[in-house]
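Inspection log for the structure reproduced underneath, given as structure tokens.
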Amino acid sequence: MALTTLLAASALLVPALALPPICPIGPLAPLSCHNTTAIKNTCCTEVQGQVLQVQFWDTDPATGPADHWTIHGLWPDYCDGSYTQYCDESRQYTNISCILEAAGKYDLLAFMEKYWKDDGGEDESFWEHEWGKHGTCYSTLNPSCYTDYKPQEEVVDFFEQVVRLFNLLPTYDFLAASNIYPSATKNYTNAEIMAALHKVRGVNATIECDAGQLYEVEYTFNVKGSVADGLFLPASPVGEGNGCPAEVQYLPKILSSTPTVVDSETCSVGLESTTAASTDTPGATARRAVF
Ligand SMILES: *[C@@H]1O[C@H](CO)[C@@H](O)[C@H](O)[C@H]1NC(C)=O
Ligand SMILES: *[C@@H]1O[C@H](CO)[C@@H](O)[C@H](O)[C@H]1NC(C)=O
Ligand SMILES: *[C@@H]1O[C@H](CO)[C@@H](O)[C@H](O)[C@H]1NC(C)=O
Ligand SMILES: *[C@@H]1O[C@H](CO)[C@@H](O)[C@H](O)[C@H]1NC(C)=O
């Protein structure tokens with residue numbers, strides 16, 4: 001009898017074992033890409049622990065303000081520079097704006113509408129693409145890592161963290177501090193742009209060009225703890241080459257070429273049948289799908 005009771009009691013305790021782990025926080029949190037044995041708890045240490053905050057300089061069509069770079073995304077890479085993508089089909093959401101509105105993140109959304117721009121005007125689709133392709137791959141943002149998980153809260157965490165990091169990385173100002181301004185007539189050397197970006201963080205950034213024109217910068221981090229609320233430490237990029245020639249054009253934005261936003265959503269917050277009146281079809285990707 002006693003044994004049966006005991007077994008019954010322990011059976012009741014089984015769900016407790018499925019609770020999210022308690023992770024060390026602050027300085028005690030493990031740093032990604034610095035583990036010396038296999039990661040035991042992928043909620044506490046990011047498996048794709050080389051995290052890249054990627055920014056665009058779109059000139060024609062132009063996106064965003066003339067004196068500000070824009071957000072491309074926050075990409076998880078393994079520590080050798082390889083990566084996986086589209087990690088969870090069940091979380092390929094087509095209602096990012098609605099998810100953020102339902103969470104009350106109106107300021108975040110307004111910021112994204114200004115600084116996280118698609119060059120075809122499909123901002124919502126672009127956000128969906130970045131979340132679905134990259135955001136779903138963070139091990140520390142897996143729903144199983146949350147205590148008291150509320151559906152899509154990891155999506156909100158992802159977008160908040162991207163914007164937070166982007167705000168700490170004002171590329172236009174970083175370059176301007178070394179007297180590098182957009183110019184239609186003057187070229188810059190690859191080396192002086194690299195030096196300007198190295199100066200502000202103490203590690204290299206990665207720059208990308210198309211036909212000699214600078215259009216992207218990637219800032220590499222390792223993370224102590226979760227991508228949701230961990231400490232992001234600048235790291236030297238591993239695996240990404242320098243994608244620019246020796247001489248680089250940093251052109252001014254042609255603001256008259258700025259596309260009109262074509263896919264904003266209408267959300268019915270609080271209703272059971274949420275209408276995300278996006279023009280997107282599920283799985284649709286922005287023109288940047290190649291990235
Ligand atoms: C760190 O953890 C990852 C994931 O478990 C593993 O693939 C990698 O080999 C580990 N690194 C070392 C040096 O053990
Ligand atoms: C967003 O879409 C998902 C999947 O269809 C749905 O479960 C969720 O309720 C939607 N959220 C909002 C706020 O519309
Ligand atoms: C800048 O670089 C571009 C592309 O390589 C080249 O066509 C142009 O002549 C250069 N301009 C100057 C001022 O050197
Ligand atoms: C940083 O970039 C510069 C310029 O491309 C390169 O010479 C240097 O080796 C890089 N430093 C590291 C630590 O990779």
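Chain lettering (A, B, ...) mirrors the order of the structure tokens, residue numbering begins at 1 for each chain separately, and ligand numbering begins at 1 in order of display.
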Please identify every residue of chain A that has at least one atom no farther than 8 Å from an atom of ligand 4, counting only C-alpha atoms and all ligand atoms, and for each give the shortest atom pair and the distance in Å to one decimal, arranged by chain then increasing number, as CSV.
residue,atom,partner,partner_atom_place_in_ligand_line,distance
A:Asn190,CA,ligand 4,5 (O),7.5
A:Ala191,CA,ligand 4,4 (C),5.7
A:Met194,CA,ligand 4,4 (C),5.7
A:Ala195,CA,ligand 4,4 (C),7.0
A:His198,CA,ligand 4,1 (C),7.4
A:Val203,CA,ligand 4,13 (C),6.8
A:Asn204,CA,ligand 4,1 (C),4.9
A:Ala205,CA,ligand 4,1 (C),7.7
A:Ser236,CA,ligand 4,13 (C),6.3
A:Pro237,CA,ligand 4,14 (O),7.3
A:Asn242,CA,ligand 4,5 (O),6.9
Can those selected residues be exported to a file as an mmCIF file, in the first residue's frame so that it contains all heavy atoms?
data_model
loop_
_atom_site.group_PDB
_atom_site.id
_atom_site.type_symbol
_atom_site.label_atom_id
_atom_site.label_comp_id
_atom_site.auth_asym_id
_atom_site.auth_seq_id
_atom_site.Cartn_x
_atom_site.Cartn_y
_atom_site.Cartn_z
ATOM 1 N N ASN A 190 38.714 49.998 -48.219
ATOM 2 C CA ASN A 190 38.214 48.915 -47.369
ATOM 3 C C ASN A 190 38.854 49.027 -45.984
ATOM 4 O O ASN A 190 38.172 48.956 -44.955
ATOM 5 C CB ASN A 190 38.602 47.596 -48.052
ATOM 6 C CG ASN A 190 38.018 46.376 -47.405
ATOM 7 O OD1 ASN A 190 38.017 46.269 -46.191
ATOM 8 N ND2 ASN A 190 37.551 45.435 -48.220
ATOM 9 N N ALA A 191 40.179 49.261 -45.987
ATOM 10 C CA ALA A 191 40.928 49.289 -44.728
ATOM 11 C C ALA A 191 40.450 50.409 -43.812
ATOM 12 O O ALA A 191 40.338 50.215 -42.592
ATOM 13 C CB ALA A 191 42.419 49.436 -45.015
ATOM 14 N N MET A 194 37.064 49.375 -42.313
ATOM 15 C CA MET A 194 37.289 48.335 -41.300
ATOM 16 C C MET A 194 37.889 48.940 -40.023
ATOM 17 O O MET A 194 37.481 48.585 -38.907
ATOM 18 C CB MET A 194 38.203 47.237 -41.852
ATOM 19 C CG MET A 194 37.564 46.364 -42.925
ATOM 20 S SD MET A 194 36.177 45.381 -42.315
ATOM 21 C CE MET A 194 37.045 44.096 -41.419
ATOM 22 N N ALA A 195 38.843 49.847 -40.194
ATOM 23 C CA ALA A 195 39.490 50.464 -39.026
ATOM 24 C C ALA A 195 38.484 51.298 -38.225
ATOM 25 O O ALA A 195 38.484 51.273 -36.990
ATOM 26 C CB ALA A 195 40.674 51.320 -39.479
ATOM 27 N N HIS A 198 36.359 48.889 -36.310
ATOM 28 C CA HIS A 198 37.148 48.236 -35.262
ATOM 29 C C HIS A 198 37.335 49.173 -34.072
ATOM 30 O O HIS A 198 37.256 48.745 -32.908
ATOM 31 C CB HIS A 198 38.503 47.803 -35.827
ATOM 32 C CG HIS A 198 39.291 46.919 -34.907
ATOM 33 N ND1 HIS A 198 39.953 47.407 -33.788
ATOM 34 C CD2 HIS A 198 39.512 45.577 -34.908
ATOM 35 C CE1 HIS A 198 40.541 46.395 -33.167
ATOM 36 N NE2 HIS A 198 40.278 45.269 -33.814
ATOM 37 N N VAL A 203 36.820 44.977 -31.925
ATOM 38 C CA VAL A 203 36.861 43.752 -32.735
ATOM 39 C C VAL A 203 36.426 44.139 -34.150
ATOM 40 O O VAL A 203 35.825 45.200 -34.347
ATOM 41 C CB VAL A 203 35.919 42.641 -32.202
ATOM 42 C CG1 VAL A 203 36.363 42.141 -30.841
ATOM 43 C CG2 VAL A 203 34.475 43.134 -32.153
ATOM 44 N N ASN A 204 36.713 43.289 -35.104
ATOM 45 C CA ASN A 204 36.295 43.569 -36.479
ATOM 46 C C ASN A 204 34.793 43.379 -36.654
ATOM 47 O O ASN A 204 34.192 42.512 -36.016
ATOM 48 C CB ASN A 204 37.003 42.622 -37.450
ATOM 49 C CG ASN A 204 38.399 43.118 -37.820
ATOM 50 O OD1 ASN A 204 38.723 44.287 -37.625
ATOM 51 N ND2 ASN A 204 39.209 42.218 -38.345
ATOM 52 N N ALA A 205 34.238 44.185 -37.544
ATOM 53 C CA ALA A 205 32.919 43.901 -38.094
ATOM 54 C C ALA A 205 33.144 43.218 -39.435
ATOM 55 O O ALA A 205 34.277 43.094 -39.885
ATOM 56 C CB ALA A 205 32.131 45.192 -38.262
ATOM 57 N N SER A 236 35.114 38.622 -32.238
ATOM 58 C CA SER A 236 35.668 38.636 -33.594
ATOM 59 C C SER A 236 34.874 37.685 -34.466
ATOM 60 O O SER A 236 34.584 36.571 -34.052
ATOM 61 C CB SER A 236 37.129 38.175 -33.593
ATOM 62 O OG SER A 236 37.937 39.174 -33.059
ATOM 63 N N PRO A 237 34.512 38.102 -35.675
ATOM 64 C CA PRO A 237 33.741 37.214 -36.535
ATOM 65 C C PRO A 237 34.553 35.994 -36.964
ATOM 66 O O PRO A 237 35.728 36.117 -37.279
ATOM 67 C CB PRO A 237 33.393 38.092 -37.747
ATOM 68 C CG PRO A 237 34.353 39.218 -37.726
ATOM 69 C CD PRO A 237 34.785 39.404 -36.304
ATOM 70 N N ASN A 242 35.485 39.041 -45.651
ATOM 71 C CA ASN A 242 35.285 40.451 -45.948
ATOM 72 C C ASN A 242 34.791 40.528 -47.381
ATOM 73 O O ASN A 242 35.477 40.106 -48.302
ATOM 74 C CB ASN A 242 36.625 41.174 -45.772
ATOM 75 C CG ASN A 242 36.535 42.662 -46.031
ATOM 76 O OD1 ASN A 242 35.909 43.112 -46.970
ATOM 77 N ND2 ASN A 242 37.168 43.426 -45.173
#
Protein and nucleic residues near ligand 1, 12 Å, only C-alpha atoms and all ligand atoms, as a PyMOL selection string: chain A and resi 30-50+78-80+82+139
Any chance you could tabulate, as CSV, the residues of chain A at most 6 Å from ligand 2 with each one's nearest atom pair and distance in Å to one decimal, using only C-alpha atoms and all ligand atoms, in chain and rising number order?
residue,atom,partner,partner_atom_place_in_ligand_line,distance
A:Tyr93,CA,ligand 2,2 (O),5.7
A:Asn95,CA,ligand 2,1 (C),5.0
A:Cys98,CA,ligand 2,13 (C),4.6
A:Ile99,CA,ligand 2,13 (C),4.0
A:Ala102,CA,ligand 2,13 (C),5.0
A:Thr274,CA,ligand 2,14 (O),5.0
Which of segment 94-252 of chain A DSSP labels helix (DSSP H, G or I), written as number ranges by chain: A: 96-102, 106-115, 123-133, 135-137, 139-141, 143-145, 153-167, 171-176, 190-201
Shell of 12 Å around Tyr219 of chain A, only C-alpha atoms, local chain residues under 3 positions omitted, as a ChimeraX atom specification: /A:50-56,71-76,162,165-166,168-171,194,197-198,200-208,216,222,232-238,240
Selection as JSON, numbers by chain: residues within 7 Å of ligand 3 by only C-alpha atoms and all ligand atoms: {"A": [185, 186, 187, 212, 247, 248, 249]}
Strand (DSSP E or B) positions in segment 11-205 of chain A, given as a PyMOL selection string: chain A and resi 31+50-56+59+62+70-77+188-189
For Glu128 of chain A: contacts at 7 Å, only C-alpha atoms, fewer than 2 positions along chain excluded, given as a PyMOL selection string: chain A and resi 93-94+96+124-126+130-132
Proximity to Tyr138 of chain A - best of A:Cys267, A:Ala184, A:Ile254, A:Val227, only C-alpha atoms: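 Going through A:Cys267, A:Ala184, A:Ile254, A:Val227 one by one, the smallest distance to Tyr138 of chain A is for A:Val227.
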Test item: residues at most 10 Å from Ser256 of chain A, only C-alpha atoms, excluding those fewer than 6 positions along its chain, as an mmCIF file with N, CA and C atoms, in the first residue's frame:
data_model
loop_
_atom_site.group_PDB
_atom_site.id
_atom_site.type_symbol
_atom_site.label_atom_id
_atom_site.label_comp_id
_atom_site.auth_asym_id
_atom_site.auth_seq_id
_atom_site.Cartn_x
_atom_site.Cartn_y
_atom_site.Cartn_z
ATOM 1 N N ASP A 60 19.349 52.673 -53.292
ATOM 2 C CA ASP A 60 18.476 52.797 -54.470
ATOM 3 C C ASP A 60 17.890 51.437 -54.833
ATOM 4 N N PRO A 61 16.686 51.081 -54.438
ATOM 5 C CA PRO A 61 15.774 51.923 -53.655
ATOM 6 C C PRO A 61 16.334 52.187 -52.252
ATOM 7 N N ALA A 62 16.058 53.383 -51.779
ATOM 8 C CA ALA A 62 16.523 53.776 -50.449
ATOM 9 C C ALA A 62 15.506 53.330 -49.405
ATOM 10 N N THR A 63 15.990 52.992 -48.220
ATOM 11 C CA THR A 63 15.083 52.720 -47.100
ATOM 12 C C THR A 63 15.583 53.466 -45.872
#
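The gap separating atom CA of Ala29 of chain A from atom CA of Gly225 of chain A is 5.2 Å, in Å to one decimal.
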Selection near Thr59 of chain A, 10 Å with only C-alpha atoms, sequence-local residues under 4 positions removed, as a list of chain:residue names: A:Thr63, A:Gly64, A:Ala66, A:Asp119, A:Pro182, A:Gln213, A:Leu214, A:Tyr215, A:Tyr250, A:Leu251, A:Pro252, A:Lys253, A:Ile254, A:Leu255, A:Ser257, A:Thr258
Best match for closeness to Ser264 of chain A among A:Ser97, A:Lys224, A:Gly243, A:Lys117, counting only C-alpha atoms: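 Checking each of A:Ser97, A:Lys224, A:Gly243, A:Lys117 against Ser264 of chain A, counting only C-alpha atoms, the winner is A:Ser97.
Atom pair atom CA of Ala211 of chain A / atom CA of Cys244 of chain A: separated by 8.6 Å.
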9 Å contact set for Leu108 of chain A, only C-alpha atoms, chain neighbours under 4 positions out, as a list in words: Leu100, Met112, Glu113, Phe159, Glu160 and Val163 of chain A
